[in-house]
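Source file: run-v1.cif; contents: mmCIF, C-alpha atoms.
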data_my_file
#
loop_
_atom_site.label_atom_id
_atom_site.label_comp_id
_atom_site.auth_asym_id
_atom_site.auth_seq_id
_atom_site.Cartn_x
_atom_site.Cartn_y
_atom_site.Cartn_z
CA MET Y 27 61.60 153.80 114.58
CA GLN Y 28 64.00 154.85 117.30
CA PHE Y 29 65.36 152.77 120.18
CA THR Y 30 67.44 153.90 123.14
CA ALA Y 31 70.55 152.16 124.44
CA THR Y 32 68.51 151.14 127.49
CA GLN Y 33 65.88 149.43 125.34
CA ILE Y 34 68.46 147.65 123.19
CA ALA Y 35 70.48 146.50 126.21
CA GLY Y 36 67.29 145.08 127.66
CA LEU Y 37 66.58 143.11 124.48
CA LEU Y 38 70.14 141.75 124.35
CA ASN Y 39 70.71 141.32 128.07
CA GLY Y 40 73.69 143.67 127.75
CA GLN Y 41 75.55 146.12 129.97
CA ILE Y 42 75.70 149.82 129.04
CA GLU Y 43 78.83 151.99 129.13
CA GLY Y 44 78.08 155.61 128.29
CA ASN Y 45 74.86 157.51 127.62
CA ALA Y 46 71.95 155.15 128.27
CA ASP Y 47 69.47 157.60 126.71
CA VAL Y 48 71.15 157.88 123.32
CA SER Y 49 68.82 156.70 120.55
CA VAL Y 50 69.36 155.07 117.16
CA SER Y 51 67.15 154.48 114.13
CA LYS Y 52 69.41 152.61 111.72
CA LEU Y 53 72.08 149.90 111.49
CA SER Y 54 75.58 150.38 110.11
CA LYS Y 55 78.98 148.79 109.64
CA ILE Y 56 81.43 150.06 112.23
CA GLU Y 57 83.72 151.62 109.61
CA ASP Y 58 80.75 153.46 108.08
CA GLY Y 59 79.00 154.43 111.31
CA ILE Y 60 77.07 157.71 111.42
CA PRO Y 61 75.24 159.47 114.25
CA GLY Y 62 71.96 157.78 115.01
CA SER Y 63 73.19 154.33 113.96
CA ILE Y 64 74.14 151.17 115.87
CA SER Y 65 76.99 148.86 114.94
CA PHE Y 66 79.04 146.02 116.43
CA LEU Y 67 82.62 144.82 116.82
CA SER Y 68 83.57 141.15 116.90
CA ASN Y 69 86.40 140.78 114.37
CA PRO Y 70 89.74 142.00 115.80
CA LEU Y 71 90.72 143.26 112.35
CA TYR Y 72 88.14 146.05 112.75
CA THR Y 73 89.19 147.14 116.24
CA GLN Y 74 90.77 150.35 114.91
CA TYR Y 75 87.36 151.61 113.78
CA LEU Y 76 85.89 151.46 117.28
CA TYR Y 77 87.91 154.48 118.41
CA GLY Y 78 86.88 156.70 115.51
CA THR Y 79 83.40 155.50 114.53
CA GLN Y 80 80.58 158.03 114.46
CA ALA Y 81 78.00 155.35 115.32
CA SER Y 82 75.98 156.30 118.40
CA ILE Y 83 75.98 152.78 119.85
CA VAL Y 84 78.42 149.89 119.38
CA ILE Y 85 77.86 146.35 120.62
CA ILE Y 86 81.07 144.67 121.87
CA ASN Y 87 82.05 141.53 123.73
CA LYS Y 88 82.02 141.65 127.51
CA ASP Y 89 85.71 140.78 127.72
CA PHE Y 90 86.88 143.41 125.21
CA VAL Y 91 89.53 145.69 126.72
CA LEU Y 92 89.56 149.33 125.59
CA THR Y 93 92.95 150.89 124.81
CA ALA Y 94 91.70 154.41 124.06
CA PRO Y 95 88.63 156.58 124.67
CA VAL Y 96 85.48 156.02 122.55
CA THR Y 97 82.68 158.46 121.78
CA ALA Y 98 80.01 155.82 121.17
CA THR Y 99 77.86 154.31 123.89
CA LEU Y 100 78.92 150.68 124.34
CA ILE Y 101 76.68 147.71 125.03
CA ARG Y 102 78.66 144.72 126.28
CA VAL Y 103 77.25 141.23 125.56
CA GLU Y 104 78.54 137.66 125.56
CA LYS Y 105 78.89 137.50 121.76
CA ALA Y 106 78.62 140.74 119.83
CA GLU Y 107 78.07 139.11 116.43
CA ASP Y 108 75.20 136.95 117.71
CA ALA Y 109 73.61 139.94 119.44
CA PHE Y 110 73.79 142.08 116.31
CA SER Y 111 72.36 139.22 114.26
CA LYS Y 112 69.42 139.15 116.64
CA LEU Y 113 68.91 142.87 116.06
CA LEU Y 114 69.02 142.34 112.30
CA GLU Y 115 66.29 139.72 112.57
CA MET Y 116 64.13 142.01 114.68
CA TYR Y 117 64.73 144.95 112.33
CA ASN Y 118 63.82 142.85 109.29
CA GLU Y 119 60.72 141.50 110.99
CA VAL Y 120 59.49 145.01 111.75
CA LYS Y 121 60.39 146.34 108.30
CA LEU Y 122 58.57 143.53 106.49
CA ASN Y 123 55.56 143.38 108.81
CA LYS Y 124 53.11 144.72 106.25
CA LYS Y 125 49.35 144.24 106.60
CA GLY Y 126 46.21 145.29 104.80
CA ILE Y 127 44.71 144.69 101.38
CA SER Y 128 45.20 147.42 98.80
CA LYS Y 129 42.15 148.66 96.93
CA LEU Y 130 44.19 148.18 93.77
CA SER Y 131 44.68 144.46 94.35
CA PHE Y 132 42.28 141.75 93.13
CA ILE Y 133 41.24 138.71 95.14
CA SER Y 134 38.70 136.35 93.57
CA GLU Y 135 35.44 135.94 95.45
CA SER Y 136 35.96 132.17 95.45
CA ALA Y 137 39.41 132.43 97.07
CA THR Y 138 39.85 131.61 100.77
CA VAL Y 139 41.92 134.20 102.59
CA GLY Y 140 43.34 133.91 106.12
CA SER Y 141 43.73 136.61 108.74
CA ASP Y 142 46.26 139.47 108.83
CA ILE Y 143 47.38 139.14 105.24
CA TYR Y 144 49.03 141.83 103.15
CA ALA Y 145 48.18 142.27 99.47
CA GLY Y 146 49.93 145.12 97.68
CA GLU Y 147 48.96 147.10 94.63
CA PHE Y 148 48.07 145.06 91.53
CA ALA Y 149 48.46 141.72 93.33
CA PHE Y 150 46.16 139.07 91.83
CA VAL Y 151 44.68 136.00 93.54
CA GLY Y 152 42.79 133.59 91.29
CA GLU Y 153 39.74 131.37 91.60
CA ASN Y 154 39.61 128.92 94.52
CA ALA Y 155 43.06 129.85 95.73
CA ILE Y 156 43.74 129.31 99.44
CA ILE Y 157 45.81 131.94 101.25
CA GLY Y 158 46.90 131.21 104.84
CA ASN Y 159 47.28 133.52 107.81
CA ASN Y 160 49.91 136.29 107.89
CA VAL Y 161 50.79 135.81 104.23
CA LYS Y 162 52.58 138.74 102.56
CA ILE Y 163 51.70 139.28 98.89
CA TYR Y 164 53.73 142.17 97.53
CA PRO Y 165 52.72 144.34 94.54
CA GLN Y 166 52.31 142.71 91.13
CA VAL Y 167 52.33 139.15 92.49
CA TYR Y 168 50.21 136.70 90.48
CA ILE Y 169 48.66 133.68 92.24
CA GLY Y 170 46.82 131.35 89.86
CA ASP Y 171 43.64 129.36 90.28
CA ASN Y 172 43.59 126.62 92.94
CA ALA Y 173 47.00 127.59 94.30
CA VAL Y 174 47.68 127.11 98.03
CA ILE Y 175 49.92 129.47 100.04
CA GLY Y 176 50.69 128.42 103.63
CA ASP Y 177 50.78 130.55 106.77
CA ASN Y 178 53.52 133.17 107.23
CA THR Y 179 54.79 132.86 103.66
CA THR Y 180 56.12 135.94 101.84
CA LEU Y 181 55.88 136.48 98.09
CA PHE Y 182 57.96 139.50 97.08
CA ALA Y 183 57.10 141.83 94.21
CA GLY Y 184 56.60 140.27 90.81
CA VAL Y 185 56.49 136.62 91.86
CA LYS Y 186 54.30 134.47 89.57
CA ILE Y 187 52.60 131.40 91.01
CA TYR Y 188 50.86 129.31 88.36
CA SER Y 189 47.66 127.36 88.98
CA GLU Y 190 47.61 124.30 91.23
CA THR Y 191 50.92 125.17 92.91
CA GLN Y 192 51.15 124.32 96.60
CA ILE Y 193 53.48 126.32 98.85
CA GLY Y 194 53.91 125.50 102.55
CA LYS Y 195 54.33 127.56 105.68
CA ASN Y 196 57.12 130.04 106.47
CA CYS Y 197 58.42 130.18 102.91
CA ILE Y 198 60.12 133.16 101.24
CA ILE Y 199 59.92 133.63 97.47
CA HIS Y 200 61.96 136.52 96.08
CA SER Y 201 61.12 138.86 93.21
CA GLY Y 202 60.89 137.64 89.66
CA THR Y 203 60.62 133.93 90.47
CA VAL Y 204 58.16 131.86 88.44
CA ILE Y 205 56.73 128.69 89.94
CA GLY Y 206 54.66 126.24 87.93
CA SER Y 207 55.53 127.17 84.35
CA ASP Y 208 55.43 124.34 81.81
CA GLY Y 209 58.17 121.76 81.70
CA PHE Y 210 60.30 121.69 78.55
CA ARG Y 211 58.95 118.65 76.76
CA PHE Y 212 58.15 118.10 73.09
CA ASN Y 213 57.54 114.97 71.02
CA PRO Y 214 60.12 114.71 68.19
CA GLU Y 215 58.21 111.81 66.62
CA SER Y 216 55.10 113.96 66.21
CA ASP Y 217 56.37 117.16 64.57
CA ASN Y 218 57.79 118.31 67.91
CA LYS Y 219 54.31 118.68 69.28
CA LYS Y 220 54.21 120.06 72.81
CA VAL Y 221 53.53 117.47 75.50
CA PRO Y 222 50.89 118.88 77.90
CA GLN Y 223 52.20 119.56 81.38
CA ILE Y 224 49.29 118.83 83.70
CA GLY Y 225 51.11 118.21 87.00
CA ASN Y 226 52.00 120.85 89.57
CA VAL Y 227 54.72 122.11 91.91
CA VAL Y 228 54.75 121.28 95.62
CA ILE Y 229 56.95 123.33 97.94
CA GLU Y 230 57.07 122.24 101.57
CA ASP Y 231 57.58 124.36 104.70
CA ASP Y 232 60.55 126.65 105.46
CA VAL Y 233 61.78 126.90 101.88
CA GLU Y 234 63.50 130.05 100.57
CA ILE Y 235 63.82 130.70 96.85
CA GLY Y 236 65.98 133.51 95.51
CA ALA Y 237 65.23 136.05 92.78
CA ASN Y 238 64.49 135.09 89.17
CA CYS Y 239 64.30 131.34 89.68
CA ALA Y 240 62.15 129.09 87.50
CA ILE Y 241 60.56 125.89 88.82
CA ASP Y 242 58.64 123.92 86.22
CA ARG Y 243 55.44 122.03 86.87
CA ALA Y 244 55.46 118.26 86.39
CA THR Y 245 54.25 116.52 83.26
CA LEU Y 246 52.26 114.25 85.59
CA GLY Y 247 52.49 114.24 89.38
CA SER Y 248 54.56 116.92 91.08
CA THR Y 249 57.85 118.74 90.98
CA ILE Y 250 58.80 118.79 94.69
CA LEU Y 251 60.98 120.94 96.92
CA ARG Y 252 61.14 119.32 100.35
CA LYS Y 253 61.21 121.09 103.69
CA GLY Y 254 64.06 123.52 104.34
CA VAL Y 255 65.41 123.74 100.78
CA LYS Y 256 67.33 126.97 100.11
CA PHE Y 257 67.89 128.42 96.63
CA ASP Y 258 70.11 131.31 95.62
CA ASN Y 259 69.15 133.46 92.60
CA LEU Y 260 68.76 132.17 89.03
CA ILE Y 261 68.08 128.50 89.71
CA HIS Y 262 66.18 126.39 87.17
CA ILE Y 263 64.42 123.21 88.27
CA ALA Y 264 62.85 121.17 85.47
CA HIS Y 265 59.67 119.08 85.46
CA ASN Y 266 59.26 116.18 87.92
CA VAL Y 267 62.49 116.94 89.79
CA GLU Y 268 62.55 116.26 93.53
CA ILE Y 269 64.91 118.15 95.85
CA GLY Y 270 65.47 116.60 99.29
CA GLU Y 271 65.19 118.31 102.67
CA ASN Y 272 67.64 121.06 103.61
CA THR Y 273 69.52 120.97 100.31
CA TYR Y 274 71.27 124.19 99.24
CA PHE Y 275 71.82 125.53 95.71
CA ALA Y 276 74.09 128.48 94.91
CA ALA Y 277 73.34 130.70 91.90
CA HIS Y 278 72.92 129.49 88.30
CA GLY Y 279 72.19 125.87 89.22
CA VAL Y 280 70.25 123.76 86.70
CA VAL Y 281 68.58 120.40 87.27
CA ALA Y 282 67.09 118.56 84.28
CA GLY Y 283 63.84 116.62 84.33
CA SER Y 284 62.96 113.74 86.67
CA THR Y 285 66.21 113.84 88.65
CA LYS Y 286 65.93 113.00 92.36
CA ILE Y 287 68.29 114.81 94.73
CA GLY Y 288 68.79 113.69 98.32
CA LYS Y 289 68.68 115.68 101.54
CA ASN Y 290 71.40 117.88 103.07
CA CYS Y 291 73.22 118.30 99.76
CA MET Y 292 75.24 121.41 98.88
CA PHE Y 293 75.70 122.62 95.31
CA SER Y 294 78.02 125.51 94.47
CA GLY Y 295 77.42 128.01 91.68
CA GLN Y 296 76.75 126.97 88.07
CA VAL Y 297 76.31 123.28 88.79
CA GLY Y 298 74.43 121.42 86.05
CA ILE Y 299 72.74 118.05 86.55
CA VAL Y 300 71.34 116.00 83.67
CA GLY Y 301 67.95 114.33 83.81
CA HIS Y 302 66.73 111.02 85.24
CA LEU Y 303 69.55 110.70 87.79
CA THR Y 304 69.67 110.18 91.53
CA VAL Y 305 71.99 112.09 93.84
CA ALA Y 306 72.63 110.62 97.30
CA ASP Y 307 72.17 112.44 100.60
CA ASN Y 308 74.91 114.80 101.85
CA THR Y 309 76.55 115.13 98.43
CA ILE Y 310 78.72 118.22 97.83
CA ILE Y 311 79.29 119.51 94.30
CA THR Y 312 81.87 122.23 93.65
CA ALA Y 313 81.34 125.22 91.35
CA GLN Y 314 80.81 124.75 87.59
CA SER Y 315 80.62 120.99 87.86
CA GLY Y 316 78.53 118.88 85.50
CA ILE Y 317 76.83 115.77 86.87
CA SER Y 318 76.23 113.23 84.09
CA LYS Y 319 75.63 110.04 86.07
CA SER Y 320 73.95 109.09 89.32
CA ILE Y 321 75.73 109.49 92.65
CA THR Y 322 74.83 106.59 94.88
CA LYS Y 323 77.23 106.86 97.82
CA LYS Y 324 76.32 109.36 100.54
CA GLY Y 325 78.59 112.21 101.59
CA GLU Y 326 80.95 112.34 98.61
CA VAL Y 327 82.46 115.49 97.08
CA PHE Y 328 82.51 115.90 93.29
CA MET Y 329 84.31 118.33 90.98
CA GLY Y 330 84.74 118.92 87.26
CA SER Y 331 82.71 118.41 84.10
CA PRO Y 332 81.90 115.63 83.80
CA ALA Y 333 82.33 115.53 87.56
CA PHE Y 334 84.11 112.85 89.54
CA ASP Y 335 85.69 112.46 92.98
CA ALA Y 336 87.14 115.84 93.98
CA ASN Y 337 90.46 114.49 95.31
CA LYS Y 338 91.05 112.54 92.11
CA TYR Y 339 90.07 115.60 90.08
CA ARG Y 340 92.64 117.79 91.85
CA LYS Y 341 95.39 115.24 91.20
CA SER Y 342 94.34 114.91 87.57
CA TYR Y 343 94.28 118.67 87.16
CA ILE Y 344 97.95 118.86 88.18
CA HIS Y 345 98.76 116.53 85.29
CA PHE Y 346 96.52 118.52 82.96
CA ARG Y 347 98.32 121.77 83.79
CA ASN Y 348 101.64 120.05 82.97
CA LEU Y 349 100.32 118.44 79.78
CA ASP Y 350 102.18 120.76 77.40
CA ALA Y 351 105.51 120.10 79.16
CA LEU Y 352 104.82 116.35 79.10
CA VAL Y 353 104.07 116.46 75.36
CA GLN Y 354 107.32 118.34 74.73
CA ARG Y 355 109.23 115.72 76.75
CA VAL Y 356 107.64 112.89 74.76
CA ASP Y 357 108.39 114.65 71.47
CA LYS Y 358 111.99 115.15 72.55
CA LEU Y 359 112.33 111.50 73.59
CA GLU Y 360 110.82 110.31 70.32
CA LYS Y 361 113.14 112.58 68.34
CA THR Y 362 116.17 111.31 70.26
CA GLN Y 363 115.04 107.72 69.76
CA LYS Y 364 114.60 108.29 66.03
CA GLU Y 365 118.05 109.89 65.72
CA THR Y 366 119.57 106.96 67.61
CA GLU Y 367 117.89 104.44 65.27
CA ILE Y 368 119.19 106.35 62.23
CA LYS Y 369 122.74 106.33 63.56
CA GLN Y 370 122.55 102.63 64.33
CA GLY Y 371 121.48 102.12 60.77
#

Represent the supplied structure as C-alpha cells.
Amino acid sequence: MQFTATQIAGLLNGQIEGNADVSVSKLSKIEDGIPGSISFLSNPLYTQYLYGTQASIVIINKDFVLTAPVTATLIRVEKAEDAFSKLLEMYNEVKLNKKGISKLSFISESATVGSDIYAGEFAFVGENAIIGNNVKIYPQVYIGDNAVIGDNTTLFAGVKIYSETQIGKNCIIHSGTVIGSDGFRFNPESDNKKVPQIGNVVIEDDVEIGANCAIDRATLGSTILRKGVKFDNLIHIAHNVEIGENTYFAAHGVVAGSTKIGKNCMFSGQVGIVGHLTVADNTIITAQSGISKSITKKGEVFMGSPAFDANKYRKSYIHFRNLDALVQRVDKLEKTQKETEIKQG
C-alpha cells in the first residue's frame, strides 16, 4: 500500500516541508533509506544521514534546525520517535490483518468459531474448541480438543495448543511454541512410571509468548500465566508453575515445577529457577543467575549462581577475581613464617 506525505502528516498531526504528494510504500532506517520509503530522525548521532538519505519522507522533531539542504520531504512532529512508532504499529496491524478460512484448514463441526477469524492452510481446530472473534490462526497451527482461544489472539505458524488449554484475549503466540505438553514427572519408586498429567494451562489476557517456548500442563489444576506476562524466545515453564501479572522473561529462562512467581518481575537471559519456590513481586534477576531458594522480600535484585543480593555479589566477585593473588600472598607469608621458625630453632 502507498501513502502520501499529506496522508501521513494527517495521521501524525505533523507539518510538511517539501513535496506533499510524494508517496511511500515501505519503512526504512535513515542510513539505509531508499526512494519510496519513510524514515525518522530522533537520535543526534544519526543527523549526518538526514542530508544524504534517499528516503522519500523523513519524520523529524519540530524544533530540529537544518544546517544543509535535504532532498527528502520532511514531516515535523513533536516527537519523531513516538510518531514513527505509531506508524510501525499501524503498518503491522495492516500487514497482519488476515481474514478468511482456507479450504485446506480443518475446523471440527463441534467447535465454536467467532466472527472475522483467519485460519491458514493446514490449521487444525479440534472437537469442542472455542475460538473467539478476530482470532488469527496461521498455517500449520494445531488447536486441541476443548481448547479456548480468546478474542483478537494471534497464533503464528506452527504453534501447538494441546487439549484443555485456555488462552485469553489479545494474546500473541509466536511460531514453534508448544502449550500444554506433559509435565516432566515420573515415579522413581514405581519403575519410573510416568505420572499422568491431567491438568491444563491457563493464559490470561494480553500475554505475549516468543518463538519455541514450552509451557507444560499441570499434573492437577493449572499452570498459569497471569495477565500481561511477556516471554522472549526459548522459555520453558514446568507443570503447576504460576507467573504473576506483567512479569518479563528474557530468552532461555527455565522455571521448574510448582514455583510461584510474583507480579512485575524481570528476569534476564538464561535465568534458572528450581521448583517449589516463591519469588516476591518486583524481583529482578540478572543474566545466567540460578535461584535455589525462595525470595520473600519485594523489589530485590539478585545475581549469581546460586544467586544472592546483587550488590554483595559484585563485592564478592572482586575478591574472587583477586583470589589467585591472595593465595600467592598467603603462600608467601606462610613460607616466610616457616623460614623464620627454622631460624629461631

Result set, the PyMOL selection byres ((chain Y and resi 259) around 10) on current file, as a ChimeraX atom specification:
/Y:200-203,235-240,257-258,260-262,275-279,295

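When CA of Gln28 in chain Y is paired with CA of Lys52 in chain Y, their separation reads 8.1 Å.
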
Spell out the residues picked by the PyMOL selection byres ((chain Y and resi 37) around 12) here, as a list of chain:residue names.
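Residues picked by the PyMOL selection byres ((chain Y and resi 37) around 12): Y:Phe29, Y:Thr30, Y:Ala31, Y:Thr32, Y:Gln33, Y:Ile34, Y:Ala35, Y:Gly36, Y:Leu38, Y:Asn39, Y:Gly40, Y:Gln41, Y:Ile101, Y:Val103, Y:Ala109, Y:Phe110, Y:Lys112, Y:Leu113, Y:Met116.
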
Close residues, Gly209 in chain Y itself excluded, 12 Å, all atoms listed in the file, min 3 positions apart in chain, as number ranges by chain:
Y: 205-206, 212, 220-227, 240-246, 248-249, 262-267, 281-284

Could you write out that same residue set with C-alpha atoms as a PDB file, keeping the file's coordinate frame?
ATOM      1  CA  ILE Y 205      56.730 128.690  89.940  1.00  0.00           C
ATOM      2  CA  GLY Y 206      54.660 126.240  87.930  1.00  0.00           C
ATOM      3  CA  PHE Y 212      58.150 118.100  73.090  1.00  0.00           C
ATOM      4  CA  LYS Y 220      54.210 120.060  72.810  1.00  0.00           C
ATOM      5  CA  VAL Y 221      53.530 117.470  75.500  1.00  0.00           C
ATOM      6  CA  PRO Y 222      50.890 118.880  77.900  1.00  0.00           C
ATOM      7  CA  GLN Y 223      52.200 119.560  81.380  1.00  0.00           C
ATOM      8  CA  ILE Y 224      49.290 118.830  83.700  1.00  0.00           C
ATOM      9  CA  GLY Y 225      51.110 118.210  87.000  1.00  0.00           C
ATOM     10  CA  ASN Y 226      52.000 120.850  89.570  1.00  0.00           C
ATOM     11  CA  VAL Y 227      54.720 122.110  91.910  1.00  0.00           C
ATOM     12  CA  ALA Y 240      62.150 129.090  87.500  1.00  0.00           C
ATOM     13  CA  ILE Y 241      60.560 125.890  88.820  1.00  0.00           C
ATOM     14  CA  ASP Y 242      58.640 123.920  86.220  1.00  0.00           C
ATOM     15  CA  ARG Y 243      55.440 122.030  86.870  1.00  0.00           C
ATOM     16  CA  ALA Y 244      55.460 118.260  86.390  1.00  0.00           C
ATOM     17  CA  THR Y 245      54.250 116.520  83.260  1.00  0.00           C
ATOM     18  CA  LEU Y 246      52.260 114.250  85.590  1.00  0.00           C
ATOM     19  CA  SER Y 248      54.560 116.920  91.080  1.00  0.00           C
ATOM     20  CA  THR Y 249      57.850 118.740  90.980  1.00  0.00           C
ATOM     21  CA  HIS Y 262      66.180 126.390  87.170  1.00  0.00           C
ATOM     22  CA  ILE Y 263      64.420 123.210  88.270  1.00  0.00           C
ATOM     23  CA  ALA Y 264      62.850 121.170  85.470  1.00  0.00           C
ATOM     24  CA  HIS Y 265      59.670 119.080  85.460  1.00  0.00           C
ATOM     25  CA  ASN Y 266      59.260 116.180  87.920  1.00  0.00           C
ATOM     26  CA  VAL Y 267      62.490 116.940  89.790  1.00  0.00           C
ATOM     27  CA  VAL Y 281      68.580 120.400  87.270  1.00  0.00           C
ATOM     28  CA  ALA Y 282      67.090 118.560  84.280  1.00  0.00           C
ATOM     29  CA  GLY Y 283      63.840 116.620  84.330  1.00  0.00           C
ATOM     30  CA  SER Y 284      62.960 113.740  86.670  1.00  0.00           C
TER      31      SER Y 284
END

How many Å separate CA of Ala313 in chain Y from CA of Gly270 in chain Y?
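Taking CA of Ala313 in chain Y as the start and CA of Gly270 in chain Y as the end point, the length is 19.7 Å.
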
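Taking all atoms listed in the file, the non-local environment of range 188-192 of chain Y within 7 Å (same-chain residues fewer than 5 positions away omitted) comprises Ile169, Gly170, Asp171, Asn172, Ala173, Val174, Ile175, Ile205, Gly206, Ser207, Asn226, Val227, Val228 and Ile229 of chain Y.
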
Limited to C-alpha atoms, could you put the picked residues into a file as a PDB file, in the frame of the given file?
ATOM      1  CA  ILE Y 169      48.660 133.680  92.240  1.00  0.00           C
ATOM      2  CA  GLY Y 170      46.820 131.350  89.860  1.00  0.00           C
ATOM      3  CA  ASP Y 171      43.640 129.360  90.280  1.00  0.00           C
ATOM      4  CA  ASN Y 172      43.590 126.620  92.940  1.00  0.00           C
ATOM      5  CA  ALA Y 173      47.000 127.590  94.300  1.00  0.00           C
ATOM      6  CA  VAL Y 174      47.680 127.110  98.030  1.00  0.00           C
ATOM      7  CA  ILE Y 175      49.920 129.470 100.040  1.00  0.00           C
ATOM      8  CA  ILE Y 205      56.730 128.690  89.940  1.00  0.00           C
ATOM      9  CA  GLY Y 206      54.660 126.240  87.930  1.00  0.00           C
ATOM     10  CA  SER Y 207      55.530 127.170  84.350  1.00  0.00           C
ATOM     11  CA  ASN Y 226      52.000 120.850  89.570  1.00  0.00           C
ATOM     12  CA  VAL Y 227      54.720 122.110  91.910  1.00  0.00           C
ATOM     13  CA  VAL Y 228      54.750 121.280  95.620  1.00  0.00           C
ATOM     14  CA  ILE Y 229      56.950 123.330  97.940  1.00  0.00           C
TER      15      ILE Y 229
END

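Atom to atom, CA of Ile156 in chain Y and CA of Thr273 in chain Y stand 27.1 Å apart.
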
On this structure, which residues satisfy the PyMOL selection byres ((chain Y and resi 85) around 6), written as a PDB file with C-alpha atoms, keeping the file's coordinate frame?
ATOM      1  CA  PHE Y  66      79.040 146.020 116.430  1.00  0.00           C
ATOM      2  CA  VAL Y  84      78.420 149.890 119.380  1.00  0.00           C
ATOM      3  CA  ILE Y  86      81.070 144.670 121.870  1.00  0.00           C
ATOM      4  CA  LEU Y 100      78.920 150.680 124.340  1.00  0.00           C
ATOM      5  CA  ILE Y 101      76.680 147.710 125.030  1.00  0.00           C
ATOM      6  CA  ARG Y 102      78.660 144.720 126.280  1.00  0.00           C
ATOM      7  CA  ALA Y 106      78.620 140.740 119.830  1.00  0.00           C
TER       8      ALA Y 106
END

What's around Ile287 in chain Y at 7 Å? Count only C-alpha atoms, leave out sequence neighbours fewer than 4 positions away in its own chain, and write the answer as number ranges by chain.
Y: 268-270, 304-306

Mind listing as number ranges by chain all residues within 7 Å of (72.0, 153.4, 114.5), counting all atoms listed in the file?
Y: 50-54, 61-65, 81-83

Those residues with C-alpha atoms, as a PDB file, keeping the file's coordinate frame please?
ATOM      1  CA  VAL Y  50      69.360 155.070 117.160  1.00  0.00           C
ATOM      2  CA  SER Y  51      67.150 154.480 114.130  1.00  0.00           C
ATOM      3  CA  LYS Y  52      69.410 152.610 111.720  1.00  0.00           C
ATOM      4  CA  LEU Y  53      72.080 149.900 111.490  1.00  0.00           C
ATOM      5  CA  SER Y  54      75.580 150.380 110.110  1.00  0.00           C
ATOM      6  CA  PRO Y  61      75.240 159.470 114.250  1.00  0.00           C
ATOM      7  CA  GLY Y  62      71.960 157.780 115.010  1.00  0.00           C
ATOM      8  CA  SER Y  63      73.190 154.330 113.960  1.00  0.00           C
ATOM      9  CA  ILE Y  64      74.140 151.170 115.870  1.00  0.00           C
ATOM     10  CA  SER Y  65      76.990 148.860 114.940  1.00  0.00           C
ATOM     11  CA  ALA Y  81      78.000 155.350 115.320  1.00  0.00           C
ATOM     12  CA  SER Y  82      75.980 156.300 118.400  1.00  0.00           C
ATOM     13  CA  ILE Y  83      75.980 152.780 119.850  1.00  0.00           C
TER      14      ILE Y  83
END
